[in-house]
There are 2 protein chains.
Amino acid sequence: MKGIRQLAEHLGISIGTVSRALNGKPDVNEETRQRVLAAAEELGYVANQSGRSLRQGETKVIGLMIESSMESVENADNFFLGVTSGLQSVFARHKLDLIMLPCPSDEDPHEYLKRIVARHIVDAMIISNTQRIDRRIDLLSRAKIPFVAVGRSLSPGNFPWIDLDFEGVAERAVDRLVARGHRRIAITAPSSEVNLGYVFLESYRRALARHGIAFDPSLVIRVKSSEQGGYQAAHELLLLEERPTAVILIYELMAIGLYRRLMESGVMPGRDLAVIGFRDAPRARFLNPSLSCFRMSLYDLGVALGQTLLANVPAYREFYPDAGRNVVWPLELVPGESDAFHVGAMV
Amino acid sequence: MKGIRQLAEHLGISIGTVSRALNGKPDVNEETRQRVLAAAEELGYVANQSGRSLRQGETKVIGLMIESSMESVENADNFFLGVTSGLQSVFARHKLDLIMLPCPSDEDPHEYLKRIVARHIVDAMIISNTQRIDRRIDLLSRAKIPFVAVGRSLSPGNFPWIDLDFEGVAERAVDRLVARGHRRIAITAPSSEVNLGYVFLESYRRALARHGIAFDPSLVIRVKSSEQGGYQAAHELLLLEERPTAVILIYELMAIGLYRRLMESGVMPGRDLAVIGFRDAPRARFLNPSLSCFRMSLYDLGVALGQTLLANVPAYREFYPDAGRNVVWPLELVPGESDAFHVGAMV
């Protein structure tokens with residue numbers, strides 16, 4: 001690839017003049033400027049971004065860290081591909097590029113991010129899959145790299161985050177089920193330390209308490225957030241001595257595996273067991289009976305994440321005076337047939 | 001973030017000594033080295049990668065360019081997330097990091113890549129969605145950035161690529177249908193200039209000719225590669241004066257929309273119309289009757305892409321003497337119920 005030196009040699013003029021011409025400085029005459037630009041085009045000149053980044057301390061690149069384990073891939077529902085378009089619509093205004101950073105499944109996310117930070121390829125970061133204690137928050141704060149987290153954390157620091165409304169989902173699911181006569185309501189929870197699991201479970205407990213229903217730890221089923229996890233959850237539910245009449249799922253694709261395992265045992269969702277799913281997902285739209293679940297716009301979430309992030313980057317702060325710093329993102333109930341019965345009718 | 005200067009000031013020793021200690025040079029005594037490393041850890045020192053990249057001309061980062069249009073997102077089946085794990089398994093051996101570069105839907109892919117190249121954040125590239133004439137190939141060749149393309153192109157140059165076996169899929173699909181008595185076999189083709197559309201259609205024509213079946217342009221249905229495209233394809237098929245008895249699909253998720261539209265008209269796939277899909281996709285596994293389609297390992301494809309790429313990067317060439325330069329990637333037939341009838345039985 002041609003650099004500025006080759007360009008100067010080719011044109012027989014100084015590197016300084018070529019540089020000033022390329023950077024649109026006024027002290028270069030128009031004819032020279034045109035010659036330089038034409039030669040740059042012809043020789044395939046590309047500006048040395050590393051040099052620029054070293055001088056200006058910015059790369060104009062924003063990183064979005066995601067997981068790339070085989071499990072997350074097979075189960076993926078394109079959550080982050082959906083968010084990407086919204087993010088880019090914000091970043092494009094400022095000529096910023098978004099790159100996705102897939103952390104390999106066999107690598108510690110903190111170590112991975114440490115290496116990415118050291119590579120100096122991003123000006124700012126979006127981190128996801130936020131853990132209850134998440135060392136990446138400390139790492140980015142210390143490295144003075146602006147960031148926004150998808151998900152809250154107990155890690156100290158007043159950092160910007162946007163989180164889905166897990167409280168609201170758990171509460172509305174419990175209210176809806178109780179209104180239909182359910183008292184034994186099971187819930188799935190992730191087997192990992194991801195923070196959303198704690199939030200979801202706490203809200204479920206509080207909602208039960210509000211209705212005077214005692215919390216029963218045996219009704220909390222810890223499984224992987226995957227289709228297979230849903231299958232496992234149904235398996236465990238069926239083994240319970242006193243079977244619950246309803247179950248609330250924490251992850252969108254769990255419903256698929258859960259339905260399969262239930263039907264294998266002749267237990268019909270929406271008739272023998274009420275099911276409320278989490279997020280509306282394309283793959284779950286085939287379920288029969290249709291799944292009661294919650295809906296949100298991934299694009300809009302991407303826009304909000306982008307704005308919240310840039311509101312925390314000094315160079316762009318002024319453009320986003322109204323961006324929220326900590327936002328609980330609402331989801332809208334999509335009623336289906338999977339919980340369309342009253343327990344009274346069964347007794 | 002702390003740089004080497006701050007570290008040297010904090011320790012009260014020279015920048016040169018700190019640098020030699022951090023880089024494991026032998027002329028630094030062990031005690032000093034330990035002090036430097038401890039301080040680096042404590043102060044959150046990160047090596048200035050921009051400086052390093054400027055000097056060494058490498059970033060240790062490989063880019064994978066993907067599309068991120070809303071359409072591709074809603075229809076996405078995680079093809080590239082699946083390939084990612086395989087790529088990373090190769091890159092991890094050499095401490096290389098993979099980043100995903102989502103080209104916004106409203107941007108020309110060539111212009112996008114030009115900017116990414118100018119940002120100097122990648123040492124090498126994987127490009128996908130290869131077009132019949134693809135200017136990105138020329139751009140990367142001129143910029144001397146090693147790359148591998150997912151998909152062939154008519155663009156000049158002996159560049160490395162791996163492509164799915166579209167010929168094999170089209171041929172085997174036609175053979176299979178002809179063996180079951182079909183003569184009027186429709187095919188879907190992409191509405192874009194993506195090269196695979198040409199390859200697929202050419203192979204279909206050749207296979208028909210081999211069986212002495214005249215090519216009928218009205219049986220080529222050009223639609224978007226999406227679920228909606230499949231719906232549209234079924235709609236157009238149903239409007240044909242002499243309806244075909246079979247259809248071959250070029251994209252995995254088309255089958256979902258196609259089934260829906262057919263069933264709306266009381267036309268049953270696998271009974272009234274034989275359907276052969278392209279790649280086996282999680283979302284298509286719910287189809288009833290089950291879809292005859294083709295299967296491949298995304299992980300293995302990722303490994304092959306990674307090896308082919310590094311075989312073209314001077315620093316890593318020696319590790320991959322046997323990597324293929326141009327590979328047609330095989331797919332395996334997964335027979336389903338969607339084409340399990342003989343046309344003779346209908347006549």
# chains A, B, ... in the order shown; residues from 1 in each chain; ligands from 1
call {"tool": "calpha_fit_rmsd", "arguments": {"fixed": "chain B", "moving": "chain A"}}
result
0.3 Å
call {"tool": "select_by_dssp", "arguments": {"residues": "segment 34-260 of chain A", "states": "strand (DSSP E or B)", "output": "number ranges by chain"}}
result
A: 45, 61-67, 97-103, 124-127, 131, 147-150, 161-164, 185-190, 194, 220-223, 246-248
call {"tool": "atom_distance", "arguments": {"atom1": "atom CA of Ser191 of chain B", "atom2": "atom CA of Lys224 of chain B"}}
result
5.6 Å
call {"tool": "residues_around", "arguments": {"residues": "segment 210-221 of chain B", "least_positions_apart": "6", "cutoff": "6 Å", "atoms": "only C-alpha atoms", "output": "number ranges by chain"}}
result
B: 186-188
call {"tool": "write_last_selection", "arguments": {"atoms": "all heavy atoms", "output": "mmCIF file, in the first residue's frame"}}
result
data_model
loop_
_atom_site.group_PDB
_atom_site.id
_atom_site.type_symbol
_atom_site.label_atom_id
_atom_site.label_comp_id
_atom_site.auth_asym_id
_atom_site.auth_seq_id
_atom_site.Cartn_x
_atom_site.Cartn_y
_atom_site.Cartn_z
ATOM 1 N N ALA B 186 -39.198 -25.209 -10.924
ATOM 2 C CA ALA B 186 -38.908 -23.776 -10.762
ATOM 3 C C ALA B 186 -37.689 -23.593 -9.862
ATOM 4 O O ALA B 186 -37.265 -24.518 -9.149
ATOM 5 C CB ALA B 186 -40.116 -23.066 -10.163
ATOM 6 N N ILE B 187 -37.124 -22.413 -9.899
ATOM 7 C CA ILE B 187 -35.963 -22.105 -9.053
ATOM 8 C C ILE B 187 -36.051 -20.646 -8.621
ATOM 9 O O ILE B 187 -36.524 -19.792 -9.371
ATOM 10 C CB ILE B 187 -34.635 -22.387 -9.810
ATOM 11 C CG1 ILE B 187 -33.441 -22.298 -8.858
ATOM 12 C CG2 ILE B 187 -34.469 -21.443 -11.005
ATOM 13 C CD1 ILE B 187 -32.164 -22.872 -9.450
ATOM 14 N N THR B 188 -35.613 -20.361 -7.393
ATOM 15 C CA THR B 188 -35.544 -18.967 -6.964
ATOM 16 C C THR B 188 -34.115 -18.473 -7.168
ATOM 17 O O THR B 188 -33.164 -19.245 -7.082
ATOM 18 C CB THR B 188 -35.930 -18.792 -5.488
ATOM 19 O OG1 THR B 188 -35.047 -19.587 -4.678
ATOM 20 C CG2 THR B 188 -37.365 -19.224 -5.234
#
call {"tool": "closest_residue", "arguments": {"among": "A:Val267, A:Val169, A:Ala315, A:Leu177", "to": "Cys293 of chain A", "atoms": "only C-alpha atoms"}}
result
A:Val169
call {"tool": "closest_residue", "arguments": {"among": "B:Val18, B:Ser155, B:Arg283, B:Val90", "to": "Glu227 of chain A", "atoms": "only C-alpha atoms"}}
result
B:Arg283
call {"tool": "closest_residue", "arguments": {"among": "B:Val117, B:Ile145, B:Ile276, B:Ala281", "to": "Glu252 of chain B", "atoms": "only C-alpha atoms"}}
result
B:Ala281
call {"tool": "atom_distance", "arguments": {"atom1": "atom CA of Ile185 of chain B", "atom2": "atom CA of Arg205 of chain B"}}
result
10.7 Å
call {"tool": "atom_distance", "arguments": {"atom1": "atom CA of Leu237 of chain A", "atom2": "atom CA of Ala284 of chain B"}}
result
27.8 Å
call {"tool": "residues_around", "arguments": {"residues": "Arg261 of chain A", "least_positions_apart": "5", "cutoff": "9 Å", "atoms": "only C-alpha atoms", "output": "PDB file with N, CA and C atoms, in the first residue's frame"}}
result
ATOM      1  N   GLY A 230     -34.257 -24.797  27.929  1.00  0.00           N
ATOM      2  CA  GLY A 230     -35.716 -24.867  28.048  1.00  0.00           C
ATOM      3  C   GLY A 230     -36.195 -26.306  28.147  1.00  0.00           C
ATOM      4  N   TYR A 231     -35.564 -27.174  27.365  1.00  0.00           N
ATOM      5  CA  TYR A 231     -35.895 -28.601  27.396  1.00  0.00           C
ATOM      6  C   TYR A 231     -35.601 -29.156  28.792  1.00  0.00           C
ATOM      7  N   GLN A 232     -34.425 -28.794  29.299  1.00  0.00           N
ATOM      8  CA  GLN A 232     -34.003 -29.237  30.632  1.00  0.00           C
ATOM      9  C   GLN A 232     -34.965 -28.701  31.699  1.00  0.00           C
ATOM     10  N   ALA A 233     -35.380 -27.461  31.556  1.00  0.00           N
ATOM     11  CA  ALA A 233     -36.291 -26.849  32.536  1.00  0.00           C
ATOM     12  C   ALA A 233     -37.609 -27.620  32.593  1.00  0.00           C
ATOM     13  N   ALA A 234     -38.152 -27.971  31.422  1.00  0.00           N
ATOM     14  CA  ALA A 234     -39.408 -28.723  31.390  1.00  0.00           C
ATOM     15  C   ALA A 234     -39.217 -30.078  32.061  1.00  0.00           C
ATOM     16  N   HIS A 235     -38.087 -30.703  31.757  1.00  0.00           N
ATOM     17  CA  HIS A 235     -37.766 -32.003  32.357  1.00  0.00           C
ATOM     18  C   HIS A 235     -37.797 -31.916  33.883  1.00  0.00           C
ATOM     19  N   ILE A 256     -38.917 -22.896  23.077  1.00  0.00           N
ATOM     20  CA  ILE A 256     -38.926 -23.928  22.033  1.00  0.00           C
ATOM     21  C   ILE A 256     -38.610 -25.305  22.634  1.00  0.00           C
ATOM     22  N   GLY A 266     -46.919 -35.401  26.917  1.00  0.00           N
ATOM     23  CA  GLY A 266     -48.368 -35.219  26.808  1.00  0.00           C
ATOM     24  C   GLY A 266     -48.900 -34.045  27.621  1.00  0.00           C
ATOM     25  N   VAL A 267     -47.993 -33.172  28.053  1.00  0.00           N
ATOM     26  CA  VAL A 267     -48.420 -31.986  28.798  1.00  0.00           C
ATOM     27  C   VAL A 267     -48.536 -30.830  27.798  1.00  0.00           C
TER      28      VAL A 267
END
call {"tool": "closest_residue", "arguments": {"among": "B:Leu87, B:Met125, B:Leu22, B:Gly12", "to": "Met65 of chain B", "atoms": "only C-alpha atoms"}}
result
B:Met125
call {"tool": "residues_around", "arguments": {"residues": "Gly181 of chain B", "least_positions_apart": "3", "cutoff": "6 Å", "atoms": "only C-alpha atoms", "output": "PyMOL selection string"}}
result
chain B and resi 178+342-343
call {"tool": "residues_around", "arguments": {"residues": "Arg115 of chain B", "least_positions_apart": "4", "cutoff": "12 Å", "atoms": "only C-alpha atoms", "output": "VMD selection string"}}
result
(chain A and resid 45 to 49 59 to 61 95 to 97) or (chain B and resid 101 103 107 to 111 119 to 122 136 139 to 140 143)
call {"tool": "closest_residue", "arguments": {"among": "B:Ala92, B:Leu238, B:Ala149, B:Leu249", "to": "chain A", "atoms": "only C-alpha atoms"}}
result
B:Ala92
